[in-house]
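Novice: What follows is structure.cif, made up of mmCIF, C-alpha atoms:
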data_start
#
loop_
_atom_site.label_atom_id
_atom_site.label_comp_id
_atom_site.auth_asym_id
_atom_site.auth_seq_id
_atom_site.Cartn_x
_atom_site.Cartn_y
_atom_site.Cartn_z
CA MET A 1 90.34 73.05 113.41
CA LYS A 2 92.77 70.27 114.34
CA ILE A 3 96.23 71.46 113.36
CA ALA A 4 99.62 69.77 113.45
CA VAL A 5 102.69 71.92 114.03
CA PHE A 6 105.97 70.28 113.10
CA GLY A 7 108.89 71.71 115.03
CA THR A 8 109.46 72.66 118.66
CA GLY A 9 111.57 75.77 118.09
CA ASN A 10 110.59 79.39 118.41
CA VAL A 11 108.57 79.37 115.18
CA GLY A 12 106.61 76.24 116.09
CA GLU A 13 105.89 77.49 119.57
CA THR A 14 104.79 80.94 118.36
CA LEU A 15 102.44 79.46 115.77
CA GLY A 16 101.14 76.76 118.13
CA SER A 17 100.37 79.22 120.92
CA LYS A 18 98.54 81.60 118.60
CA LEU A 19 96.47 78.79 117.12
CA VAL A 20 95.46 77.55 120.59
CA GLU A 21 94.59 81.11 121.55
CA LEU A 22 92.33 81.27 118.49
CA GLY A 23 90.52 78.11 119.63
CA HIS A 24 92.22 75.50 117.44
CA GLU A 25 93.37 72.14 118.75
CA VAL A 26 97.10 71.85 118.16
CA LYS A 27 99.42 68.86 118.31
CA MET A 28 103.10 69.74 118.20
CA GLY A 29 105.12 67.06 116.44
CA SER A 30 108.78 66.20 116.86
CA ARG A 31 111.12 63.22 116.51
CA THR A 32 110.09 61.74 119.83
CA ALA A 33 106.79 61.65 121.70
CA ASN A 34 108.33 63.05 124.86
CA ASN A 35 110.32 66.02 123.55
CA GLU A 36 111.01 68.28 126.52
CA LYS A 37 110.38 71.56 124.72
CA ALA A 38 107.10 70.25 123.34
CA LEU A 39 105.98 69.04 126.78
CA ALA A 40 106.87 72.41 128.32
CA TRP A 41 104.85 74.15 125.62
CA VAL A 42 101.81 71.93 126.23
CA LYS A 43 101.94 72.73 129.94
CA LYS A 44 101.94 76.44 129.11
CA ALA A 45 99.46 76.40 126.24
CA GLY A 46 96.72 74.46 128.01
CA ALA A 47 93.98 71.93 127.28
CA LYS A 48 93.85 72.39 123.52
CA ALA A 49 97.57 71.70 123.16
CA SER A 50 99.14 68.28 122.87
CA THR A 51 102.31 66.70 121.62
CA GLY A 52 103.51 63.55 119.89
CA THR A 53 105.76 62.23 117.17
CA PHE A 54 105.66 63.72 113.68
CA ALA A 55 103.43 60.75 112.75
CA ASP A 56 101.09 61.36 115.71
CA ALA A 57 100.79 65.03 114.80
CA ALA A 58 100.28 64.40 111.09
CA LYS A 59 97.51 61.87 111.80
CA PHE A 60 95.86 64.34 114.16
CA GLY A 61 96.02 67.42 111.98
CA GLU A 62 93.55 68.36 109.25
CA LEU A 63 96.25 70.86 108.24
CA ILE A 64 99.98 70.60 108.92
CA ILE A 65 102.25 73.57 109.58
CA ASN A 66 105.91 72.95 108.85
CA ALA A 67 108.01 74.94 111.31
CA THR A 68 111.03 72.64 111.28
CA LEU A 69 114.45 73.84 110.23
CA GLY A 70 114.83 73.62 106.47
CA ALA A 71 117.59 71.05 106.80
CA GLY A 72 115.22 68.71 108.67
CA THR A 73 112.01 69.31 106.73
CA ILE A 74 111.98 66.42 104.26
CA GLU A 75 113.10 63.96 106.92
CA ALA A 76 110.37 65.13 109.31
CA PHE A 77 107.69 64.45 106.72
CA LYS A 78 109.24 61.06 105.93
CA MET A 79 109.12 60.21 109.63
CA ALA A 80 105.48 61.35 109.69
CA GLY A 81 104.64 58.88 106.92
CA ALA A 82 103.50 60.01 103.48
CA GLU A 83 100.06 58.48 104.09
CA ASN A 84 99.52 60.87 107.01
CA SER A 85 100.04 64.01 104.94
CA ALA A 86 98.28 62.76 101.79
CA GLY A 87 95.45 65.08 100.76
CA LYS A 88 96.26 67.56 103.53
CA VAL A 89 97.34 71.16 103.26
CA ILE A 90 100.93 71.70 104.39
CA LEU A 91 101.63 75.33 105.26
CA ASP A 92 105.40 75.41 104.74
CA LEU A 93 107.14 78.17 106.71
CA SER A 94 110.64 76.75 106.33
CA ASN A 95 113.71 78.10 104.55
CA PRO A 96 116.65 76.13 103.16
CA LEU A 97 119.19 77.90 105.36
CA ASP A 98 122.74 76.55 105.30
CA PHE A 99 124.68 77.65 108.37
CA SER A 100 127.77 75.60 107.48
CA LYS A 101 129.46 78.38 105.48
CA GLY A 102 129.29 81.08 108.15
CA MET A 103 126.95 83.99 108.77
CA PRO A 104 124.74 85.16 107.25
CA PRO A 105 123.62 81.69 106.16
CA SER A 106 123.37 80.79 102.49
CA LEU A 107 120.70 78.55 100.94
CA PHE A 108 121.19 74.82 100.38
CA ILE A 109 118.59 74.78 97.60
CA SER A 110 118.01 77.88 95.49
CA ASN A 111 117.68 79.57 92.11
CA THR A 112 116.34 76.74 89.91
CA ASP A 113 114.77 74.74 92.74
CA SER A 114 113.41 75.34 96.23
CA LEU A 115 112.63 73.55 99.45
CA GLY A 116 108.92 74.09 98.84
CA GLU A 117 109.18 72.30 95.51
CA ALA A 118 111.33 69.53 96.99
CA LEU A 119 108.69 68.92 99.67
CA GLN A 120 105.89 68.87 97.08
CA ARG A 121 107.88 66.50 94.82
CA GLU A 122 108.66 64.14 97.69
CA PHE A 123 105.01 64.11 98.86
CA PRO A 124 102.96 64.55 95.69
CA LYS A 125 99.66 63.80 97.45
CA ALA A 126 100.14 66.58 99.98
CA ARG A 127 99.04 70.10 99.06
CA VAL A 128 102.03 72.28 99.86
CA VAL A 129 101.53 76.02 100.29
CA LYS A 130 104.61 78.15 100.86
CA ALA A 131 103.80 81.24 102.88
CA LEU A 132 105.05 83.40 105.76
CA ASN A 133 108.64 82.19 105.25
CA THR A 134 109.78 85.74 104.45
CA MET A 135 109.38 87.17 107.94
CA TRP A 136 110.02 86.81 111.66
CA CYS A 137 107.56 84.48 113.42
CA GLY A 138 106.37 87.25 115.73
CA LEU A 139 104.98 89.02 112.68
CA MET A 140 103.47 85.89 111.13
CA VAL A 141 100.88 85.68 113.89
CA ASN A 142 100.61 89.39 114.70
CA PRO A 143 100.88 91.32 111.44
CA ARG A 144 99.08 94.37 112.81
CA GLN A 145 101.97 95.26 115.11
CA LEU A 146 103.66 97.27 112.35
CA GLY A 147 102.62 100.84 111.69
CA GLU A 148 101.24 100.13 108.24
CA SER A 149 100.23 97.45 105.79
CA HIS A 150 102.79 94.91 104.54
CA HIS A 151 102.69 91.72 102.49
CA ALA A 152 102.88 87.94 102.71
CA PHE A 153 103.54 85.89 99.58
CA VAL A 154 101.51 82.71 98.97
CA ALA A 155 102.70 80.02 96.53
CA GLY A 156 101.29 76.58 95.76
CA ASN A 157 99.80 74.35 93.10
CA ASP A 158 96.36 73.87 94.67
CA PRO A 159 94.04 76.90 94.65
CA ALA A 160 91.80 75.46 97.40
CA ALA A 161 94.84 74.81 99.60
CA LYS A 162 96.02 78.39 99.07
CA GLU A 163 92.55 79.62 99.99
CA ALA A 164 92.60 77.53 103.19
CA VAL A 165 95.95 79.06 104.13
CA LYS A 166 94.67 82.55 103.39
CA GLN A 167 91.71 81.93 105.70
CA LEU A 168 94.03 80.74 108.45
CA LEU A 169 96.25 83.81 107.99
CA GLN A 170 93.26 86.11 108.17
CA GLY A 171 92.62 84.56 111.57
CA PHE A 172 96.06 85.88 112.56
CA GLY A 173 95.05 89.39 111.48
CA TRP A 174 96.23 89.48 107.90
CA LYS A 175 94.01 91.46 105.54
CA PRO A 176 92.99 89.67 102.32
CA GLU A 177 94.75 92.31 100.18
CA GLU A 178 98.01 91.72 102.08
CA LEU A 179 98.16 88.09 100.92
CA LEU A 180 99.80 88.11 97.49
CA ASP A 181 99.34 84.99 95.40
CA VAL A 182 102.61 84.66 93.48
CA GLY A 183 101.70 81.48 91.59
CA ASP A 184 102.42 77.78 91.77
CA ILE A 185 104.93 76.10 94.06
CA THR A 186 107.83 77.01 91.76
CA ALA A 187 107.35 80.54 93.14
CA ALA A 188 108.85 79.18 96.38
CA ARG A 189 112.17 79.78 94.58
CA ALA A 190 111.31 83.46 94.65
CA THR A 191 110.03 83.67 98.21
CA GLU A 192 112.88 81.58 99.65
CA SER A 193 115.25 83.93 97.77
CA VAL A 194 113.92 86.78 99.90
CA LEU A 195 115.90 85.38 102.82
CA PRO A 196 119.29 86.85 101.83
CA ILE A 197 117.97 90.44 101.83
CA TRP A 198 115.88 89.73 104.93
CA LEU A 199 119.00 88.52 106.73
CA ARG A 200 121.00 91.60 105.67
CA LEU A 201 118.23 93.93 106.83
CA TYR A 202 117.93 92.01 110.08
CA GLY A 203 121.69 92.44 110.52
CA THR A 204 121.49 96.21 110.10
CA MET A 205 118.15 96.81 111.85
CA LYS A 206 118.80 94.48 114.83
CA THR A 207 115.12 93.56 115.03
CA GLY A 208 112.87 91.08 113.26
CA ALA A 209 109.89 93.42 113.52
CA PHE A 210 109.97 94.53 109.90
CA ASN A 211 108.54 93.20 106.67
CA LEU A 212 108.40 93.95 102.99
CA LYS A 213 105.58 95.81 101.36
CA VAL A 214 105.02 95.89 97.63
CA VAL A 215 104.36 99.53 96.82
CA ARG A 216 102.58 100.35 93.56
CA MET B 1 129.56 115.66 86.30
CA LYS B 2 130.98 113.61 83.41
CA ILE B 3 129.29 110.23 83.52
CA ALA B 4 129.79 107.07 81.46
CA VAL B 5 126.80 104.83 80.87
CA PHE B 6 127.67 101.33 79.71
CA GLY B 7 124.86 99.76 77.73
CA THR B 8 122.55 100.95 74.98
CA GLY B 9 119.39 99.15 76.08
CA ASN B 10 116.34 100.51 77.80
CA VAL B 11 118.10 100.87 81.16
CA GLY B 12 121.11 102.72 79.72
CA GLU B 13 118.93 105.03 77.68
CA THR B 14 116.64 105.82 80.61
CA LEU B 15 119.56 106.62 82.90
CA GLY B 16 121.46 108.52 80.23
CA SER B 17 118.49 110.71 79.34
CA LYS B 18 117.73 111.54 82.96
CA LEU B 19 121.37 112.44 83.63
CA VAL B 20 121.50 114.76 80.61
CA GLU B 21 118.23 116.33 81.74
CA LEU B 22 119.85 117.00 85.12
CA GLY B 23 122.77 118.78 83.41
CA HIS B 24 125.37 116.03 83.43
CA GLU B 25 127.55 115.22 80.43
CA VAL B 26 126.96 111.63 79.44
CA LYS B 27 128.89 109.32 77.14
CA MET B 28 127.09 106.10 76.31
CA GLY B 29 129.53 103.23 75.83
CA SER B 30 129.11 100.09 73.77
CA ARG B 31 131.21 97.53 71.89
CA THR B 32 131.60 99.78 68.89
CA ALA B 33 131.95 103.54 68.48
CA ASN B 34 129.10 103.71 65.99
CA ASN B 35 126.40 101.66 67.69
CA GLU B 36 123.11 102.60 66.02
CA LYS B 37 121.05 102.71 69.19
CA ALA B 38 123.65 104.89 70.90
CA LEU B 39 123.78 107.28 67.94
CA ALA B 40 119.98 107.53 67.89
CA TRP B 41 120.00 108.29 71.60
CA VAL B 42 122.60 111.04 71.19
CA LYS B 43 120.49 112.64 68.47
CA LYS B 44 117.52 112.66 70.83
CA ALA B 45 119.32 113.60 74.03
CA GLY B 46 121.17 116.61 72.70
CA ALA B 47 124.45 118.45 73.12
CA LYS B 48 125.47 116.96 76.46
CA ALA B 49 125.13 113.43 75.12
CA SER B 50 127.82 111.55 73.25
CA THR B 51 128.78 108.00 72.44
CA GLY B 52 131.85 105.85 72.00
CA THR B 53 133.37 102.51 72.83
CA PHE B 54 133.36 101.20 76.39
CA ALA B 55 136.95 102.45 76.61
CA ASP B 56 136.01 105.91 75.29
CA ALA B 57 133.17 106.16 77.80
CA ALA B 58 135.22 104.89 80.75
CA LYS B 59 138.00 107.40 79.99
CA PHE B 60 135.42 110.19 79.80
CA GLY B 61 133.44 109.39 82.92
CA GLU B 62 134.30 110.44 86.44
CA LEU B 63 131.68 107.87 87.42
CA ILE B 64 130.58 104.82 85.42
CA ILE B 65 127.08 103.41 85.40
CA ASN B 66 126.86 99.76 84.41
CA ALA B 67 123.60 99.21 82.53
CA THR B 68 124.80 96.28 80.45
CA LEU B 69 123.14 92.87 80.61
CA GLY B 70 124.60 90.83 83.45
CA ALA B 71 125.98 88.27 81.03
CA GLY B 72 128.05 90.97 79.30
CA THR B 73 129.12 93.03 82.31
CA ILE B 74 132.58 91.66 83.05
CA GLU B 75 133.48 91.59 79.36
CA ALA B 76 132.35 95.19 78.90
CA PHE B 77 134.67 96.37 81.68
CA LYS B 78 137.50 94.28 80.24
CA MET B 79 136.95 95.95 76.88
CA ALA B 80 136.96 99.32 78.65
CA GLY B 81 140.41 98.58 80.10
CA ALA B 82 140.98 98.17 83.84
CA GLU B 83 143.09 101.34 83.88
CA ASN B 84 140.06 103.37 82.76
CA SER B 85 137.87 102.33 85.69
CA ALA B 86 140.62 102.36 88.33
CA GLY B 87 139.75 104.65 91.22
CA LYS B 88 136.31 105.41 89.79
CA VAL B 89 132.91 104.70 91.24
CA ILE B 90 131.00 102.07 89.28
CA LEU B 91 127.27 102.20 89.95
CA ASP B 92 126.32 98.64 89.06
CA LEU B 93 122.66 98.25 88.06
CA SER B 94 123.05 94.83 86.48
CA ASN B 95 121.64 91.45 87.44
CA PRO B 96 123.06 88.00 86.61
CA LEU B 97 119.97 86.91 84.71
CA ASP B 98 120.18 83.60 82.87
CA PHE B 99 117.53 83.36 80.15
CA SER B 100 118.80 80.00 78.86
CA LYS B 101 116.58 77.90 81.13
CA GLY B 102 113.26 79.51 80.20
CA MET B 103 111.13 82.17 81.85
CA PRO B 104 111.26 83.57 84.41
CA PRO B 105 115.05 83.73 84.14
CA SER B 106 117.25 82.21 86.84
CA LEU B 107 120.55 83.66 88.07
CA PHE B 108 123.93 82.60 86.67
CA ILE B 109 125.72 83.65 89.87
CA SER B 110 123.89 83.54 93.19
CA ASN B 111 123.70 82.50 96.82
CA THR B 112 127.39 82.41 97.84
CA ASP B 113 128.57 84.87 95.21
CA SER B 114 127.18 87.72 93.12
CA LEU B 115 127.83 89.66 89.96
CA GLY B 116 128.62 92.75 92.02
CA GLU B 117 131.35 90.84 93.85
CA ALA B 118 132.66 89.30 90.62
CA LEU B 119 132.97 92.79 89.12
CA GLN B 120 134.74 94.11 92.22
CA ARG B 121 137.10 91.09 92.28
CA GLU B 122 137.93 91.44 88.60
CA PHE B 123 138.57 95.19 88.93
CA PRO B 124 139.92 95.65 92.45
CA LYS B 125 140.89 99.29 91.86
CA ALA B 126 137.37 100.28 90.86
CA ARG B 127 134.89 101.21 93.59
CA VAL B 128 131.83 99.14 92.85
CA VAL B 129 128.49 100.15 94.36
CA LYS B 130 125.52 97.88 93.74
CA ALA B 131 122.28 99.84 93.77
CA LEU B 132 118.95 100.23 91.93
CA ASN B 133 119.20 96.69 90.52
CA THR B 134 116.02 95.68 92.36
CA MET B 135 113.60 97.73 90.29
CA TRP B 136 112.38 98.79 86.86
CA CYS B 137 114.50 101.53 85.25
CA GLY B 138 111.55 103.89 85.03
CA LEU B 139 111.49 103.95 88.82
CA MET B 140 115.24 104.27 89.23
CA VAL B 141 115.16 107.79 87.81
CA ASN B 142 111.65 108.77 88.91
CA PRO B 143 111.06 107.28 92.35
CA ARG B 144 108.37 109.80 93.24
CA GLN B 145 105.92 108.36 90.73
CA LEU B 146 104.67 105.82 93.28
CA GLY B 147 102.03 106.82 95.79
CA GLU B 148 104.29 106.44 98.79
CA SER B 149 107.83 105.97 99.96
CA HIS B 150 109.83 102.87 98.93
CA HIS B 151 113.42 101.71 99.19
CA ALA B 152 116.65 101.25 97.25
CA PHE B 153 119.43 99.05 98.64
CA VAL B 154 123.03 100.26 98.45
CA ALA B 155 125.98 97.85 98.80
CA GLY B 156 129.70 98.40 98.39
CA ASN B 157 133.07 98.32 100.11
CA ASP B 158 133.90 102.02 99.82
CA PRO B 159 131.89 104.39 102.06
CA ALA B 160 132.79 107.45 99.97
CA ALA B 161 131.71 105.67 96.79
CA LYS B 162 128.39 104.76 98.39
CA GLU B 163 127.95 108.38 99.44
CA ALA B 164 128.63 109.55 95.87
CA VAL B 165 125.99 107.14 94.58
CA LYS B 166 123.51 108.29 97.21
CA GLN B 167 124.08 111.90 96.10
CA LEU B 168 123.46 110.95 92.48
CA LEU B 169 120.29 109.09 93.45
CA GLN B 170 119.04 112.06 95.42
CA GLY B 171 119.35 113.98 92.17
CA PHE B 172 116.84 111.50 90.71
CA GLY B 173 114.41 112.29 93.51
CA TRP B 174 115.29 109.65 96.09
CA LYS B 175 115.02 110.77 99.70
CA PRO B 176 118.06 110.05 101.91
CA GLU B 177 115.99 107.81 104.19
CA GLU B 178 114.90 105.71 101.22
CA LEU B 179 118.49 104.67 100.47
CA LEU B 180 119.26 101.69 102.70
CA ASP B 181 122.92 100.83 103.17
CA VAL B 182 122.99 97.03 103.43
CA GLY B 183 126.73 96.66 103.87
CA ASP B 184 129.75 95.73 101.81
CA ILE B 185 129.71 94.35 98.27
CA THR B 186 128.90 90.83 99.52
CA ALA B 187 125.41 92.24 100.14
CA ALA B 188 125.01 92.21 96.35
CA ARG B 189 124.19 88.52 96.90
CA ALA B 190 121.15 89.69 98.79
CA THR B 191 120.04 92.44 96.44
CA GLU B 192 120.56 90.35 93.30
CA SER B 193 118.47 87.65 95.04
CA VAL B 194 115.55 90.07 95.06
CA LEU B 195 115.18 89.47 91.32
CA PRO B 196 113.27 86.17 91.57
CA ILE B 197 110.46 87.71 93.65
CA TRP B 198 110.57 90.88 91.56
CA LEU B 199 110.09 88.80 88.40
CA ARG B 200 107.17 86.86 89.94
CA LEU B 201 105.49 90.07 91.03
CA TYR B 202 106.09 91.60 87.61
CA GLY B 203 104.49 88.50 86.10
CA THR B 204 101.35 88.88 88.20
CA MET B 205 101.13 92.69 88.25
CA LYS B 206 101.93 93.21 84.55
CA THR B 207 103.71 96.47 85.29
CA GLY B 208 107.19 97.43 86.42
CA ALA B 209 105.89 100.43 88.34
CA PHE B 210 106.19 98.86 91.77
CA ASN B 211 108.94 98.55 94.33
CA LEU B 212 109.65 97.09 97.73
CA LYS B 213 109.39 99.06 100.93
CA VAL B 214 110.83 97.90 104.21
CA VAL B 215 108.06 98.48 106.74
CA ARG B 216 109.02 98.70 110.42
#
Take the structure in the file and write it out as structure tokens.
Specialist:
Amino acid sequence: MKIAVFGTGNVGETLGSKLVELGHEVKMGSRTANNEKALAWVKKAGAKASTGTFADAAKFGELIINATLGAGTIEAFKMAGAENSAGKVILDLSNPLDFSKGMPPSLFISNTDSLGEALQREFPKARVVKALNTMWCGLMVNPRQLGESHHAFVAGNDPAAKEAVKQLLQGFGWKPEELLDVGDITAARATESVLPIWLRLYGTMKTGAFNLKVVR
Amino acid sequence: MKIAVFGTGNVGETLGSKLVELGHEVKMGSRTANNEKALAWVKKAGAKASTGTFADAAKFGELIINATLGAGTIEAFKMAGAENSAGKVILDLSNPLDFSKGMPPSLFISNTDSLGEALQREFPKARVVKALNTMWCGLMVNPRQLGESHHAFVAGNDPAAKEAVKQLLQGFGWKPEELLDVGDITAARATESVLPIWLRLYGTMKTGAFNLKVVR
């Protein structure tokens, strides 16, 4: 599949590399066509990797993965052009982290709204699916590295878009029963609210290699 | 031990009954000395159970369990009199749930503050420990009913108070390694923020008999 990855940070690179490894064609999008980190990634990732502006990547991708910082998410999709995400699945990995008030970060949207909802509102023709935002990127693409089963939450308004994301995640090694559908995009309020406890656990455990499991 | 339980709802009754069963003396506190639900509980729970006002209960208890609704928590402790909670451990089970904006409820304090912190600020001489607020009350007192291990988060400023709470929880059947210390009382922001995902999961699973496990 042709996939756009927005964001040149650790999350974007981890997702992009895994997707290329799985045989997908990946265009990493950023503000400029000649972003140094994106170019370095392309050199490393090989023939199926390419880079361009957010607009270039969005045009290229049949599916768009948002791995930008939460604070830059809406602007990135504006720069991409609404027409280039219309009808497409956006897998939104981002969190509305606010680092301006010290560590651990707080959330700049929360409780009665979420970044996932804001993105869907701003781009009503896109099909936003919030997923994988509750864990370290190393686990997103390699869920089997933990000793036992654990869960990813999936939220979005479009059932077919959620199914497409679930298929993609199964390619990463997720088992179908580990992908918990928590409802429409308003459930992004709930999954983005996982960040505060994630950050506290990260602070005490000193590793990102952990995740939540819903035990029944 | 002599224990005060604030609150006559399902959570207070469940905790109170378990504590009596374990041999503790329990006084259930409410706004009035002759609360009907509290009197009915005493009749059921037996000789080690009693009831009274919040002040009566706080005076009686060596440890106070807050099982009031979040919206009534601060007021309940004001009614109890600050002098009656001074120096005592308060095990705070409450959540700042706001039901005024529809279901699922939102939080009336969140993100950069928490109800646990508000309680500690308002009663600086009390030793507030936030714990067990991330699960259904049936699980709080009977953690072994699930098929495998799961976790409770413990937050508070006073190490000895946290240790006292951990001892009490072990009496309910919690294993020491299931009690995760997540830091000082500011970590109540994180554990109270678990409620949104808990509520979504409750909505899809139609049972409260589940909990989160931190998988490494």
Novice: Carefully work through the PyMOL selection byres ((chain A and resi 198-209) around 8) for this structure and note down the residues it includes, as a ChimeraX atom specification.
Specialist: /A:104,134-136,138-139,146,194-197,210-211 /B:182-183,187,190,216
Novice: For the residues in that selection, give me C-alpha atoms as a tab-separated table (two decimals), in the coordinates of the input.
Specialist:
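Output file result.tsv is given in full below:
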chain	number	residue	atom	x	y	z
A	104	PRO	CA	124.74	85.16	107.25
A	134	THR	CA	109.78	85.74	104.45
A	135	MET	CA	109.38	87.17	107.94
A	136	TRP	CA	110.02	86.81	111.66
A	138	GLY	CA	106.37	87.25	115.73
A	139	LEU	CA	104.98	89.02	112.68
A	146	LEU	CA	103.66	97.27	112.35
A	194	VAL	CA	113.92	86.78	99.90
A	195	LEU	CA	115.90	85.38	102.82
A	196	PRO	CA	119.29	86.85	101.83
A	197	ILE	CA	117.97	90.44	101.83
A	210	PHE	CA	109.97	94.53	109.90
A	211	ASN	CA	108.54	93.20	106.67
B	182	VAL	CA	122.99	97.03	103.43
B	183	GLY	CA	126.73	96.66	103.87
B	187	ALA	CA	125.41	92.24	100.14
B	190	ALA	CA	121.15	89.69	98.79
B	216	ARG	CA	109.02	98.70	110.42
Novice: With the file shown as input, list the residues that the PyMOL selection byres ((chain B and resi 126-128) around 7) selects, as a ChimeraX atom specification.
Specialist: /B:85-92,120,123-125,129-130,156,158,161
Novice: Applied to the shown file, which residues does the PyMOL selection byres ((chain A and resi 62) around 10) return, written as a list in words?
Specialist: Met1, Lys2, Ile3, Ala4, Ala57, Ala58, Lys59, Phe60, Gly61, Leu63, Ile64, Asn84, Ser85, Gly87, Lys88, Val89 and Ile90 of chain A
Novice: List every protein, DNA or RNA residue that has an atom no more than 12 Å from (115.3, 110.1, 75.4) in the file's coordinate frame, counting only C-alpha atoms, and report them as a PyMOL selection string.
Specialist: chain B and resi 8-21+37-46+49
Novice: What's the 12 Å shell around B:Gly72, counting all atoms listed in the file, without same-chain residues fewer than 2 positions away, as a PyMOL selection string?
Specialist: chain B and resi 6-7+30-31+54+66-70+74-79+94-98+108+115+119
Novice: Would you compute the distance between atom CA of B:Glu122 and atom CA of B:Thr32? Give it in Å to one decimal.
Specialist: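 It comes out at 22.3 Å.
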Novice: Closest to A:His24 among A:Leu93, A:Ala131, A:Ala55, A:Leu168, using all atoms listed in the file?
Specialist: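 When distances to A:His24 are compared using all atoms listed in the file, the smallest one comes from A:Leu168.
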